[in-house]
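Participant: Sharing target.cif here; it has mmCIF, C-alpha atoms.
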```cif
data_run
loop_
_atom_site.group_PDB
_atom_site.id
_atom_site.type_symbol
_atom_site.label_atom_id
_atom_site.label_comp_id
_atom_site.auth_asym_id
_atom_site.auth_seq_id
_atom_site.Cartn_x
_atom_site.Cartn_y
_atom_site.Cartn_z
ATOM 1 C CA MET A 1 -5.070 -12.958 -0.298
ATOM 2 C CA PHE A 2 -1.943 -10.987 -1.195
ATOM 3 C CA VAL A 3 -1.253 -8.892 1.916
ATOM 4 C CA ARG A 4 1.583 -10.038 4.147
ATOM 5 C CA LYS A 5 2.868 -8.732 7.420
ATOM 6 C CA PRO A 6 5.671 -6.216 6.826
ATOM 7 C CA GLY A 7 8.283 -8.525 8.290
ATOM 8 C CA ASP A 8 7.330 -11.290 5.870
ATOM 9 C CA VAL A 9 8.045 -9.321 2.698
ATOM 10 C CA LEU A 10 11.573 -9.382 1.324
ATOM 11 C CA PRO A 11 12.757 -6.601 -0.990
ATOM 12 C CA SER A 12 13.923 -9.238 -3.455
ATOM 13 C CA GLU A 13 10.339 -10.501 -3.695
ATOM 14 C CA ILE A 14 8.961 -7.108 -4.611
ATOM 15 C CA THR A 15 11.486 -5.449 -6.900
ATOM 16 C CA PRO A 16 13.930 -7.145 -9.305
ATOM 17 C CA GLU A 17 17.326 -7.727 -7.751
ATOM 18 C CA SER A 18 19.075 -5.486 -10.262
ATOM 19 C CA VAL A 19 17.003 -2.509 -9.124
ATOM 20 C CA TRP A 20 17.659 -3.186 -5.453
ATOM 21 C CA GLN A 21 21.386 -3.639 -6.101
ATOM 22 C CA SER A 22 21.633 -0.330 -7.925
ATOM 23 C CA ARG A 23 19.712 1.303 -5.105
ATOM 24 C CA ARG A 24 22.092 -0.091 -2.497
ATOM 25 C CA GLU A 25 25.084 1.131 -4.510
ATOM 26 C CA TRP A 26 23.569 4.583 -4.692
ATOM 27 C CA MET A 27 22.952 4.588 -0.948
ATOM 28 C CA LEU A 28 26.550 3.653 -0.310
ATOM 29 C CA ARG A 29 27.768 6.473 -2.503
ATOM 30 C CA THR A 30 25.599 9.053 -0.751
ATOM 31 C CA GLY A 31 25.952 7.671 2.749
ATOM 32 C CA ALA A 32 22.340 6.641 3.500
ATOM 33 C CA ALA A 33 18.814 6.693 2.164
ATOM 34 C CA ALA A 34 18.013 9.534 4.548
ATOM 35 C CA ALA A 35 20.457 11.712 2.689
ATOM 36 C CA ALA A 36 18.470 11.144 -0.470
ATOM 37 C CA LEU A 37 15.244 12.253 1.164
ATOM 38 C CA SER A 38 16.918 15.423 2.421
ATOM 39 C CA LEU A 39 17.851 16.529 -1.095
ATOM 40 C CA PRO A 40 15.876 19.546 -2.239
ATOM 41 C CA ALA A 41 13.295 18.662 -4.886
ATOM 42 C CA TRP A 42 14.917 20.869 -7.495
ATOM 43 C CA ALA A 43 18.041 18.713 -7.210
ATOM 44 C CA ARG A 44 16.075 15.577 -8.107
ATOM 45 C CA ALA A 45 16.279 14.921 -11.812
ATOM 46 C CA GLU A 46 14.152 12.390 -13.629
ATOM 47 C CA GLY A 47 15.802 9.007 -13.164
ATOM 48 C CA ASP A 48 17.376 9.853 -9.794
ATOM 49 C CA ALA A 49 17.056 7.113 -7.203
ATOM 50 C CA LEU A 50 14.113 7.397 -4.825
ATOM 51 C CA PRO A 51 14.435 4.829 -2.020
ATOM 52 C CA GLY A 52 11.372 3.313 -0.421
ATOM 53 C CA ARG A 53 10.836 0.677 2.229
ATOM 54 C CA ALA A 54 9.124 -2.623 1.477
ATOM 55 C CA SER A 55 5.337 -2.510 1.756
ATOM 56 C CA PRO A 56 2.839 -5.177 2.858
ATOM 57 C CA PHE A 57 0.448 -3.879 0.195
ATOM 58 C CA SER A 58 2.492 -5.246 -2.718
ATOM 59 C CA VAL A 59 1.312 -8.004 -5.036
ATOM 60 C CA MET A 60 3.722 -10.843 -5.747
ATOM 61 C CA GLU A 61 3.435 -10.876 -9.536
ATOM 62 C CA LYS A 62 5.844 -10.457 -12.414
ATOM 63 C CA GLN A 63 6.390 -6.753 -12.970
ATOM 64 C CA THR A 64 5.879 -5.065 -16.305
ATOM 65 C CA PRO A 65 9.233 -4.082 -17.881
ATOM 66 C CA ILE A 66 10.115 -0.468 -17.177
ATOM 67 C CA LYS A 67 10.461 0.196 -20.906
ATOM 68 C CA ASP A 68 6.784 -0.649 -21.391
ATOM 69 C CA VAL A 69 5.710 1.281 -18.285
ATOM 70 C CA THR A 70 7.411 4.432 -19.573
ATOM 71 C CA THR A 71 6.526 4.209 -23.283
ATOM 72 C CA TYR A 72 2.950 2.861 -23.318
ATOM 73 C CA ASN A 73 0.825 5.460 -21.560
ATOM 74 C CA ASN A 74 -2.458 7.306 -21.495
ATOM 75 C CA TYR A 75 -1.710 10.957 -20.786
ATOM 76 C CA TYR A 76 -3.936 12.884 -23.160
ATOM 77 C CA GLU A 77 -2.398 16.247 -22.318
ATOM 78 C CA PHE A 78 0.511 15.049 -24.479
ATOM 79 C CA GLY A 79 -1.459 13.283 -27.208
ATOM 80 C CA LEU A 80 -3.919 10.482 -27.813
ATOM 81 C CA ASP A 81 -1.534 7.748 -28.957
ATOM 82 C CA LYS A 82 0.145 5.511 -26.388
ATOM 83 C CA SER A 83 3.592 6.651 -27.587
ATOM 84 C CA ASP A 84 2.788 10.380 -27.467
ATOM 85 C CA PRO A 85 3.498 10.975 -23.744
ATOM 86 C CA ALA A 86 7.030 9.587 -23.966
ATOM 87 C CA ALA A 87 7.634 11.619 -27.122
ATOM 88 C CA ASN A 88 6.121 14.910 -25.937
ATOM 89 C CA ALA A 89 6.354 15.106 -22.137
ATOM 90 C CA GLY A 90 9.952 16.297 -22.027
ATOM 91 C CA LYS A 91 8.862 19.941 -21.952
ATOM 92 C CA LEU A 92 6.711 19.499 -18.835
ATOM 93 C CA GLN A 93 8.017 21.898 -16.174
ATOM 94 C CA VAL A 94 8.096 20.108 -12.820
ATOM 95 C CA ARG A 95 10.103 22.646 -10.765
ATOM 96 C CA PRO A 96 9.031 24.666 -8.905
ATOM 97 C CA TRP A 97 5.897 22.698 -7.984
ATOM 98 C CA THR A 98 3.214 23.160 -5.359
ATOM 99 C CA VAL A 99 -0.014 21.366 -4.480
ATOM 100 C CA LYS A 100 -2.884 23.315 -2.931
ATOM 101 C CA VAL A 101 -5.100 21.373 -0.516
ATOM 102 C CA GLU A 102 -8.292 23.300 0.175
ATOM 103 C CA GLY A 103 -12.063 23.215 0.549
ATOM 104 C CA GLU A 104 -13.790 21.568 3.505
ATOM 105 C CA VAL A 105 -10.712 21.433 5.729
ATOM 106 C CA GLU A 106 -9.755 23.040 9.028
ATOM 107 C CA LYS A 107 -6.210 23.860 7.910
ATOM 108 C CA PRO A 108 -5.950 24.579 4.170
ATOM 109 C CA ALA A 109 -2.370 24.460 2.992
ATOM 110 C CA THR A 110 -0.103 24.716 -0.011
ATOM 111 C CA PHE A 111 2.662 22.118 -0.024
ATOM 112 C CA ASP A 112 5.783 22.417 -2.115
ATOM 113 C CA ILE A 113 7.257 19.254 -3.536
ATOM 114 C CA ASP A 114 10.133 19.264 -1.027
ATOM 115 C CA THR A 115 7.685 19.149 1.869
ATOM 116 C CA LEU A 116 5.613 16.400 0.285
ATOM 117 C CA LEU A 117 8.684 14.264 -0.386
ATOM 118 C CA LYS A 118 9.477 14.260 3.331
ATOM 119 C CA LEU A 119 5.947 14.252 4.742
ATOM 120 C CA ALA A 120 5.821 10.468 5.297
ATOM 121 C CA PRO A 121 8.138 7.481 4.771
ATOM 122 C CA MET A 122 8.332 6.359 1.161
ATOM 123 C CA GLU A 123 7.220 2.819 0.357
ATOM 124 C CA ASP A 124 7.784 0.527 -2.620
ATOM 125 C CA ARG A 125 4.325 -0.768 -3.532
ATOM 126 C CA VAL A 126 3.808 -3.161 -6.427
ATOM 127 C CA TYR A 127 0.290 -2.543 -7.724
ATOM 128 C CA ARG A 128 -1.767 -3.894 -10.576
ATOM 129 C CA LEU A 129 -2.946 -1.241 -13.044
ATOM 130 C CA ARG A 130 -6.016 -2.043 -15.159
ATOM 131 C CA CYS A 131 -6.971 0.247 -18.040
ATOM 132 C CA VAL A 132 -10.576 0.529 -19.171
ATOM 133 C CA GLU A 133 -9.364 -0.196 -22.723
ATOM 134 C CA GLY A 134 -8.577 -3.783 -21.743
ATOM 135 C CA TRP A 135 -4.864 -3.846 -20.935
ATOM 136 C CA SER A 136 -3.030 -4.105 -17.640
ATOM 137 C CA MET A 137 0.395 -3.723 -16.046
ATOM 138 C CA VAL A 138 2.107 -4.510 -12.743
ATOM 139 C CA ILE A 139 4.072 -1.469 -11.585
ATOM 140 C CA PRO A 140 6.358 -0.892 -8.576
ATOM 141 C CA TRP A 141 5.370 2.595 -7.438
ATOM 142 C CA VAL A 142 7.196 4.668 -4.800
ATOM 143 C CA GLY A 143 5.189 6.886 -2.466
ATOM 144 C CA TYR A 144 2.799 6.800 0.470
ATOM 145 C CA SER A 145 -0.929 6.852 1.221
ATOM 146 C CA VAL A 146 -2.917 9.981 0.304
ATOM 147 C CA ALA A 147 -4.313 9.870 3.837
ATOM 148 C CA GLU A 148 -0.964 11.178 5.097
ATOM 149 C CA VAL A 149 -1.626 14.484 3.340
ATOM 150 C CA LEU A 150 -5.329 14.672 4.161
ATOM 151 C CA LYS A 151 -4.631 14.217 7.867
ATOM 152 C CA GLN A 152 -2.446 17.322 7.755
ATOM 153 C CA VAL A 153 -5.342 19.558 6.710
ATOM 154 C CA GLN A 154 -8.013 18.011 8.970
ATOM 155 C CA PRO A 155 -11.142 17.450 6.833
ATOM 156 C CA THR A 156 -14.373 18.877 8.233
ATOM 157 C CA SER A 157 -17.588 16.895 8.716
ATOM 158 C CA LYS A 158 -18.822 18.321 5.406
ATOM 159 C CA ALA A 159 -15.979 16.729 3.422
ATOM 160 C CA LYS A 160 -17.649 13.865 1.554
ATOM 161 C CA TYR A 161 -15.539 13.774 -1.615
ATOM 162 C CA VAL A 162 -11.974 14.531 -2.659
ATOM 163 C CA GLU A 163 -11.295 16.147 -6.024
ATOM 164 C CA PHE A 164 -7.886 15.855 -7.704
ATOM 165 C CA VAL A 165 -6.826 18.428 -10.309
ATOM 166 C CA SER A 166 -4.005 17.988 -12.828
ATOM 167 C CA VAL A 167 -1.748 20.705 -14.165
ATOM 168 C CA VAL A 168 -2.352 22.541 -17.429
ATOM 169 C CA GLN A 169 0.737 23.926 -19.160
ATOM 170 C CA ARG A 170 -0.605 25.000 -22.529
ATOM 171 C CA GLU A 171 2.779 25.894 -23.927
ATOM 172 C CA ASN A 172 4.207 22.492 -23.001
ATOM 173 C CA MET A 173 1.223 20.165 -23.458
ATOM 174 C CA PRO A 174 0.156 19.827 -27.099
ATOM 175 C CA GLY A 175 -2.839 17.665 -26.179
ATOM 176 C CA VAL A 176 -4.678 20.424 -24.311
ATOM 177 C CA ARG A 177 -5.134 22.268 -27.587
ATOM 178 C CA SER A 178 -7.663 19.600 -28.544
ATOM 179 C CA ALA A 179 -11.263 19.441 -27.385
ATOM 180 C CA VAL A 180 -11.195 15.770 -26.398
ATOM 181 C CA LEU A 181 -11.611 16.802 -22.731
ATOM 182 C CA ASP A 182 -12.425 19.942 -20.789
ATOM 183 C CA TRP A 183 -9.089 20.885 -19.217
ATOM 184 C CA PRO A 184 -7.752 20.738 -16.555
ATOM 185 C CA TYR A 185 -8.145 17.015 -15.993
ATOM 186 C CA VAL A 186 -10.224 16.387 -12.869
ATOM 187 C CA GLU A 187 -10.874 13.144 -11.000
ATOM 188 C CA ALA A 188 -12.514 12.443 -7.662
ATOM 189 C CA LEU A 189 -13.069 9.832 -4.956
ATOM 190 C CA ARG A 190 -15.343 9.508 -1.988
ATOM 191 C CA ILE A 191 -13.451 10.556 1.110
ATOM 192 C CA ASP A 192 -13.429 7.015 2.497
ATOM 193 C CA GLU A 193 -11.895 5.825 -0.778
ATOM 194 C CA ALA A 194 -9.291 8.592 -0.668
ATOM 195 C CA MET A 195 -8.450 7.782 2.963
ATOM 196 C CA HIS A 196 -8.089 4.063 2.286
ATOM 197 C CA PRO A 197 -4.449 3.020 2.833
ATOM 198 C CA LEU A 198 -4.201 1.556 -0.695
ATOM 199 C CA THR A 199 -4.908 4.964 -2.274
ATOM 200 C CA MET A 200 -1.427 6.203 -2.998
ATOM 201 C CA LEU A 201 0.330 9.469 -3.743
ATOM 202 C CA VAL A 202 3.098 8.419 -6.147
ATOM 203 C CA PHE A 203 6.477 10.128 -6.543
ATOM 204 C CA GLY A 204 8.404 7.402 -8.361
ATOM 205 C CA LEU A 205 8.454 4.030 -10.048
ATOM 206 C CA TYR A 206 11.007 1.237 -10.159
ATOM 207 C CA GLY A 207 12.946 2.953 -7.375
ATOM 208 C CA LYS A 208 13.463 6.158 -9.357
ATOM 209 C CA VAL A 209 11.868 9.592 -9.550
ATOM 210 C CA LEU A 210 8.633 9.513 -11.560
ATOM 211 C CA PRO A 211 9.165 10.152 -15.293
ATOM 212 C CA LYS A 212 7.255 13.029 -16.810
ATOM 213 C CA GLN A 213 5.215 10.806 -19.113
ATOM 214 C CA ASN A 214 4.010 8.864 -16.076
ATOM 215 C CA GLY A 215 2.692 11.924 -14.242
ATOM 216 C CA ALA A 216 5.670 13.667 -12.644
ATOM 217 C CA PRO A 217 6.246 14.987 -10.115
ATOM 218 C CA LEU A 218 3.350 13.301 -8.293
ATOM 219 C CA ARG A 219 0.213 11.396 -9.220
ATOM 220 C CA LEU A 220 -2.449 9.112 -7.820
ATOM 221 C CA ALA A 221 -2.556 5.320 -7.844
ATOM 222 C CA VAL A 222 -5.928 3.783 -6.958
ATOM 223 C CA PRO A 223 -5.327 0.127 -7.790
ATOM 224 C CA TRP A 224 -8.877 -1.252 -7.570
ATOM 225 C CA LYS A 225 -10.232 1.280 -10.065
ATOM 226 C CA TYR A 226 -9.646 1.707 -13.773
ATOM 227 C CA GLY A 227 -6.517 3.660 -14.598
ATOM 228 C CA PHE A 228 -8.208 6.902 -15.615
ATOM 229 C CA LYS A 229 -9.094 7.478 -11.949
ATOM 230 C CA SER A 230 -5.385 7.827 -11.093
ATOM 231 C CA ALA A 231 -4.867 11.460 -12.061
ATOM 232 C CA LYS A 232 -1.378 12.646 -13.003
ATOM 233 C CA SER A 233 0.751 15.744 -12.280
ATOM 234 C CA LEU A 234 -1.412 16.977 -9.424
ATOM 235 C CA VAL A 235 -1.588 20.660 -8.513
ATOM 236 C CA ALA A 236 -4.719 20.772 -6.342
ATOM 237 C CA ILE A 237 -6.665 18.552 -3.952
ATOM 238 C CA ARG A 238 -10.106 19.831 -2.975
ATOM 239 C CA LEU A 239 -12.369 18.393 -0.311
ATOM 240 C CA VAL A 240 -16.006 19.056 -1.133
ATOM 241 C CA GLU A 241 -19.503 18.198 0.077
ATOM 242 C CA LYS A 242 -21.145 17.302 -3.252
ATOM 243 C CA GLN A 243 -20.018 14.645 -5.711
ATOM 244 C CA PRO A 244 -17.798 16.278 -8.361
ATOM 245 C CA VAL A 245 -18.207 15.710 -12.082
ATOM 246 C CA SER A 246 -14.921 14.263 -13.276
ATOM 247 C CA SER A 247 -13.458 14.896 -16.717
ATOM 248 C CA TRP A 248 -14.507 11.624 -18.333
ATOM 249 C CA MET A 249 -17.970 11.786 -16.766
ATOM 250 C CA LYS A 250 -18.401 15.194 -18.377
ATOM 251 C CA ALA A 251 -17.017 14.072 -21.744
ATOM 252 C CA ALA A 252 -18.817 10.718 -22.054
ATOM 253 C CA PRO A 253 -21.293 10.077 -19.215
ATOM 254 C CA GLN A 254 -22.752 7.070 -21.035
ATOM 255 C CA GLU A 255 -19.363 5.333 -20.859
ATOM 256 C CA TYR A 256 -17.641 6.532 -17.677
ATOM 257 C CA GLY A 257 -19.170 6.606 -14.212
ATOM 258 C CA PHE A 258 -17.967 8.127 -10.978
ATOM 259 C CA TYR A 259 -16.850 4.916 -9.283
ATOM 260 C CA ALA A 260 -14.962 3.145 -12.098
ATOM 261 C CA ASN A 261 -14.335 0.085 -9.925
ATOM 262 C CA VAL A 262 -12.834 -2.739 -11.976
ATOM 263 C CA ASN A 263 -15.790 -5.035 -12.617
ATOM 264 C CA PRO A 264 -15.561 -7.862 -15.179
ATOM 265 C CA ASP A 265 -19.366 -8.152 -15.162
ATOM 266 C CA VAL A 266 -19.983 -4.597 -16.397
ATOM 267 C CA PRO A 267 -18.909 -4.192 -20.038
ATOM 268 C CA HIS A 268 -17.862 -0.889 -21.480
ATOM 269 C CA PRO A 269 -20.394 0.105 -24.169
ATOM 270 C CA ARG A 270 -17.792 -0.631 -26.842
ATOM 271 C CA TRP A 271 -15.944 -3.657 -25.426
ATOM 272 C CA SER A 272 -15.987 -6.331 -22.759
ATOM 273 C CA GLN A 273 -14.184 -5.978 -19.426
ATOM 274 C CA ALA A 274 -14.162 -9.720 -18.716
ATOM 275 C CA THR A 275 -10.555 -10.229 -19.844
ATOM 276 C CA GLU A 276 -7.393 -8.172 -20.133
ATOM 277 C CA ARG A 277 -4.095 -8.137 -22.009
ATOM 278 C CA ARG A 278 -1.038 -7.867 -19.766
ATOM 279 C CA ILE A 279 1.505 -5.536 -21.359
ATOM 280 C CA GLY A 280 4.893 -7.228 -21.687
ATOM 281 C CA GLU A 281 3.260 -10.595 -22.354
ATOM 282 C CA ASP A 282 2.209 -9.760 -25.870
ATOM 283 C CA GLY A 283 3.051 -12.923 -27.794
ATOM 284 C CA LEU A 284 0.658 -13.575 -30.665
ATOM 285 C CA PHE A 285 -0.829 -16.622 -28.976
ATOM 286 C CA THR A 286 -0.631 -15.421 -25.379
ATOM 287 C CA PRO A 287 -4.079 -15.899 -23.868
ATOM 288 C CA LYS A 288 -5.770 -12.963 -22.192
ATOM 289 C CA ARG A 289 -6.158 -12.967 -18.430
ATOM 290 C CA LYS A 290 -9.490 -13.029 -16.681
ATOM 291 C CA THR A 291 -10.212 -9.664 -15.104
ATOM 292 C CA LEU A 292 -10.563 -9.843 -11.320
ATOM 293 C CA ALA A 293 -13.261 -8.014 -9.379
ATOM 294 C CA PHE A 294 -11.816 -4.819 -7.911
ATOM 295 C CA ASN A 295 -8.672 -5.704 -9.892
ATOM 296 C CA GLY A 296 -7.891 -8.393 -7.311
ATOM 297 C CA TYR A 297 -8.221 -6.081 -4.286
ATOM 298 C CA ALA A 298 -11.703 -7.197 -3.206
ATOM 299 C CA ASP A 299 -10.528 -8.426 0.208
ATOM 300 C CA GLN A 300 -9.294 -4.932 0.975
ATOM 301 C CA VAL A 301 -11.963 -2.660 -0.543
ATOM 302 C CA ALA A 302 -15.231 -4.512 -1.202
ATOM 303 C CA SER A 303 -16.573 -3.441 2.194
ATOM 304 C CA LEU A 304 -16.537 0.188 0.993
ATOM 305 C CA TYR A 305 -19.416 -0.652 -1.351
ATOM 306 C CA GLN A 306 -21.536 -2.905 0.827
ATOM 307 C CA GLY A 307 -25.176 -2.729 -0.253
ATOM 308 C CA MET A 308 -24.437 -0.849 -3.489
ATOM 309 C CA ASP A 309 -25.466 -2.058 -6.935
ATOM 310 C CA LEU A 310 -22.086 -2.053 -8.635
ATOM 311 C CA LYS A 311 -23.662 -2.449 -12.071
ATOM 312 C CA ALA A 312 -25.692 0.720 -11.660
ATOM 313 C CA ASN A 313 -22.849 2.519 -9.865
ATOM 314 C CA TYR A 314 -20.134 1.781 -12.426
#
```
For this file, write the structure as structure tokens.
Facilitator:
Amino acid sequence: MFVRKPGDVLPSEITPESVWQSRREWMLRTGAAAAALSLPAWARAEGDALPGRASPFSVMEKQTPIKDVTTYNNYYEFGLDKSDPAANAGKLQVRPWTVKVEGEVEKPATFDIDTLLKLAPMEDRVYRLRCVEGWSMVIPWVGYSVAEVLKQVQPTSKAKYVEFVSVVQRENMPGVRSAVLDWPYVEALRIDEAMHPLTMLVFGLYGKVLPKQNGAPLRLAVPWKYGFKSAKSLVAIRLVEKQPVSSWMKAAPQEYGFYANVNPDVPHPRWSQATERRIGEDGLFTPKRKTLAFNGYADQVASLYQGMDLKANY
């Protein structure tokens, strides 16, 4: 069981001391963390500090080095190789930026990034990330629960699913010229999954504004599901009655299902999911880790799937 009461979690336990020290120095220079949150979004450059309070949802594990987090990525809009996003994402235009929240809601709205940055208190949450390809990371995200946004628009009784749509900038994203996926990238969750407090809207990592190759200016983090469920660079959130067909379901339905819960007992058609390679621990003889059910978050989320056959609903 990894969840602690908020008062039991020390910042030094969650984020390396060097990051917290640099954050404190920045706060002293600007006067307070609140001053940072009042900055207009256009004034926030990649790498700017983004303070967040300690979160009881964090795992107490060694974090993946920031160099690996920012240079080993899946972001197919910028290329298929793991190094392509870091090499090609510099042209992504992240200002101005708005997110439309629509569909089965009482109060549809379009939020600019400034409003979203101040909508709820930012938290530092250290989450495990498990990729369907067999590798994993531990990343300190900065953001807050998606539920904070959904509560603003008041979902109707017909809202059963939440669809997340990523940006397409054809002039800036070389990967969208390929036919590997049907663009824009679309992912979806059941509404109870989206409203779960672990489901996070991410604005930063390692105490800084989210880099472009990691999904700037905002992305999802759904830690008990495989990484492809955590859509990047969001521009629309749609609440709908019928289950959406996500991008990978459309491209390869025999390999990718709607739920994508981390399950070591359900192999991918081309490889096992029973073990994983933790990035940053890549010594030649480093043994692989055993993959945990729900990526180690079973105590928090298993009840969402009570009575379901998780092998059939992969």
Participant: Per residue of segment 257-276 of chain A within 12 Å of segment 165-187 of chain A, note the shortest atom pair and the distance in Å to one decimal, counting all atoms listed in the file, and order the rows by chain and increasing residue number, as CSV.
Facilitator:
```
residue,atom,partner,partner_atom,distance
A:Gly257,CA,A:Glu187,CA,11.0
A:Phe258,CA,A:Glu187,CA,8.7
A:Tyr259,CA,A:Glu187,CA,10.3
A:Ala260,CA,A:Glu187,CA,10.9
```
Participant: Any idea what's packed within 12 Å of Asp68 of chain A, counting all atoms listed in the file, ignoring anything in its chain fewer than 4 positions away? Could you give it as a tab-separated table (two decimals) with C-alpha atoms, keeping the file's coordinate frame?
Facilitator:
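Done, and the output landed in around-v8.tsv:
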```tsv
chain	number	residue	atom	x	y	z
A	63	GLN	CA	6.39	-6.75	-12.97
A	64	THR	CA	5.88	-5.07	-16.30
A	72	TYR	CA	2.95	2.86	-23.32
A	73	ASN	CA	0.82	5.46	-21.56
A	82	LYS	CA	0.14	5.51	-26.39
A	83	SER	CA	3.59	6.65	-27.59
A	86	ALA	CA	7.03	9.59	-23.97
A	136	SER	CA	-3.03	-4.11	-17.64
A	137	MET	CA	0.40	-3.72	-16.05
A	138	VAL	CA	2.11	-4.51	-12.74
A	139	ILE	CA	4.07	-1.47	-11.58
A	213	GLN	CA	5.22	10.81	-19.11
A	214	ASN	CA	4.01	8.86	-16.08
A	278	ARG	CA	-1.04	-7.87	-19.77
A	279	ILE	CA	1.50	-5.54	-21.36
A	280	GLY	CA	4.89	-7.23	-21.69
A	281	GLU	CA	3.26	-10.60	-22.35
A	282	ASP	CA	2.21	-9.76	-25.87
```
Participant: So that I can see what lies close to Val162 of chain A, please list as an mmCIF file with C-alpha atoms, in the frame of the given file the residues with an atom at most 8 Å from it, counting only C-alpha atoms and leaving out residues fewer than 2 positions away in the same chain.
Facilitator:
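Written out: result03.cif:
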```
data_model
loop_
_atom_site.group_PDB
_atom_site.id
_atom_site.type_symbol
_atom_site.label_atom_id
_atom_site.label_comp_id
_atom_site.auth_asym_id
_atom_site.auth_seq_id
_atom_site.Cartn_x
_atom_site.Cartn_y
_atom_site.Cartn_z
ATOM 1 C CA ALA A 159 -15.979 16.729 3.422
ATOM 2 C CA LYS A 160 -17.649 13.865 1.554
ATOM 3 C CA PHE A 164 -7.886 15.855 -7.704
ATOM 4 C CA ALA A 188 -12.514 12.443 -7.662
ATOM 5 C CA LEU A 189 -13.069 9.832 -4.956
ATOM 6 C CA ARG A 190 -15.343 9.508 -1.988
ATOM 7 C CA ILE A 191 -13.451 10.556 1.110
ATOM 8 C CA ALA A 194 -9.291 8.592 -0.668
ATOM 9 C CA ILE A 237 -6.665 18.552 -3.952
ATOM 10 C CA ARG A 238 -10.106 19.831 -2.975
ATOM 11 C CA LEU A 239 -12.369 18.393 -0.311
ATOM 12 C CA VAL A 240 -16.006 19.056 -1.133
#
```
Participant: Looking at all atoms listed in the file, which of A:Thr70, A:Thr291, A:Gln152, A:Gln93 is the one that sits closest to Lys107 of chain A?
Facilitator: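 Smallest separation from Lys107 of chain A among the options: A:Gln152.
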Participant: Running the PyMOL selection byres ((chain A and resi 308-310) around 10) on this model by hand, what would come out? Give it as a list in words.
Facilitator: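 Applying the PyMOL selection byres ((chain A and resi 308-310) around 10) to the structure shown produces Tyr259, Ala260, Asn261, Val262, Asn263, Asp265, Val266, Leu304, Tyr305, Gln306, Gly307, Lys311, Ala312, Asn313 and Tyr314 of chain A.
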Participant: To one decimal place, how far is atom CA of Trp135 of chain A from atom CA of Thr275 of chain A in Å?
Facilitator: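 Atom CA of Thr275 of chain A lies at a distance of 8.6 Å from atom CA of Trp135 of chain A.
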Participant: Which is closest to Ser246 of chain A among A:His268, A:Val105, A:Tyr161, A:Tyr206, if we use only C-alpha atoms?
Facilitator: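 Using only C-alpha atoms, the shortest distance to Ser246 of chain A belongs to A:Tyr161.
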Participant: Have a look at atom CA of Arg277 of chain A and atom CA of Pro223 of chain A and let me know their distance in Å, one decimal.
Facilitator: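 Pair atom CA of Arg277 of chain A / atom CA of Pro223 of chain A returns 16.5 Å.
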Participant: Mind giving me the straight-line distance from atom CA of Leu292 of chain A to atom CA of Met60 of chain A in Å, one decimal?
Facilitator: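 A separation of 15.4 Å between them.
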Participant: Quick one: residues within 6 Å of Arg125 of chain A, only C-alpha atoms counted, chain neighbours fewer than 3 positions away excluded, as a PyMOL selection string?
Facilitator: chain A and resi 55+58+140-141
Participant: Starting from the sparse input, extend segment 267-275 of chain A to N, CA, C and O atoms and give the output as a PDB file, in the coordinates of the input.
Facilitator:
```pdb
ATOM      1  N   PRO A 267     -19.671  -4.525 -18.827  1.00  0.00           N
ATOM      2  CA  PRO A 267     -18.909  -4.192 -20.038  1.00  0.00           C
ATOM      3  C   PRO A 267     -18.942  -2.699 -20.322  1.00  0.00           C
ATOM      4  O   PRO A 267     -19.915  -2.009 -20.002  1.00  0.00           O
ATOM      5  N   HIS A 268     -17.857  -2.215 -20.889  1.00  0.00           N
ATOM      6  CA  HIS A 268     -17.862  -0.889 -21.480  1.00  0.00           C
ATOM      7  C   HIS A 268     -18.800  -0.941 -22.684  1.00  0.00           C
ATOM      8  O   HIS A 268     -18.953  -1.993 -23.300  1.00  0.00           O
ATOM      9  N   PRO A 269     -19.474   0.153 -23.026  1.00  0.00           N
ATOM     10  CA  PRO A 269     -20.394   0.105 -24.169  1.00  0.00           C
ATOM     11  C   PRO A 269     -19.758  -0.369 -25.471  1.00  0.00           C
ATOM     12  O   PRO A 269     -20.467  -0.853 -26.357  1.00  0.00           O
ATOM     13  N   ARG A 270     -18.434  -0.251 -25.581  1.00  0.00           N
ATOM     14  CA  ARG A 270     -17.792  -0.631 -26.842  1.00  0.00           C
ATOM     15  C   ARG A 270     -16.916  -1.876 -26.748  1.00  0.00           C
ATOM     16  O   ARG A 270     -16.390  -2.328 -27.758  1.00  0.00           O
ATOM     17  N   TRP A 271     -16.745  -2.440 -25.552  1.00  0.00           N
ATOM     18  CA  TRP A 271     -15.944  -3.657 -25.426  1.00  0.00           C
ATOM     19  C   TRP A 271     -16.196  -4.313 -24.075  1.00  0.00           C
ATOM     20  O   TRP A 271     -16.684  -3.689 -23.131  1.00  0.00           O
ATOM     21  N   SER A 272     -15.821  -5.575 -23.999  1.00  0.00           N
ATOM     22  CA  SER A 272     -15.987  -6.331 -22.759  1.00  0.00           C
ATOM     23  C   SER A 272     -14.896  -5.972 -21.762  1.00  0.00           C
ATOM     24  O   SER A 272     -13.802  -5.544 -22.140  1.00  0.00           O
ATOM     25  N   GLN A 273     -15.196  -6.139 -20.471  1.00  0.00           N
ATOM     26  CA  GLN A 273     -14.184  -5.978 -19.426  1.00  0.00           C
ATOM     27  C   GLN A 273     -13.846  -7.318 -18.769  1.00  0.00           C
ATOM     28  O   GLN A 273     -13.132  -7.347 -17.761  1.00  0.00           O
ATOM     29  N   ALA A 274     -14.321  -8.415 -19.350  1.00  0.00           N
ATOM     30  CA  ALA A 274     -14.162  -9.720 -18.716  1.00  0.00           C
ATOM     31  C   ALA A 274     -12.734 -10.240 -18.743  1.00  0.00           C
ATOM     32  O   ALA A 274     -12.333 -11.033 -17.888  1.00  0.00           O
ATOM     33  N   THR A 275     -11.949  -9.796 -19.734  1.00  0.00           N
ATOM     34  CA  THR A 275     -10.555 -10.229 -19.844  1.00  0.00           C
ATOM     35  C   THR A 275      -9.658  -9.026 -20.073  1.00  0.00           C
ATOM     36  O   THR A 275     -10.139  -7.924 -20.370  1.00  0.00           O
TER      37      THR A 275
END
```
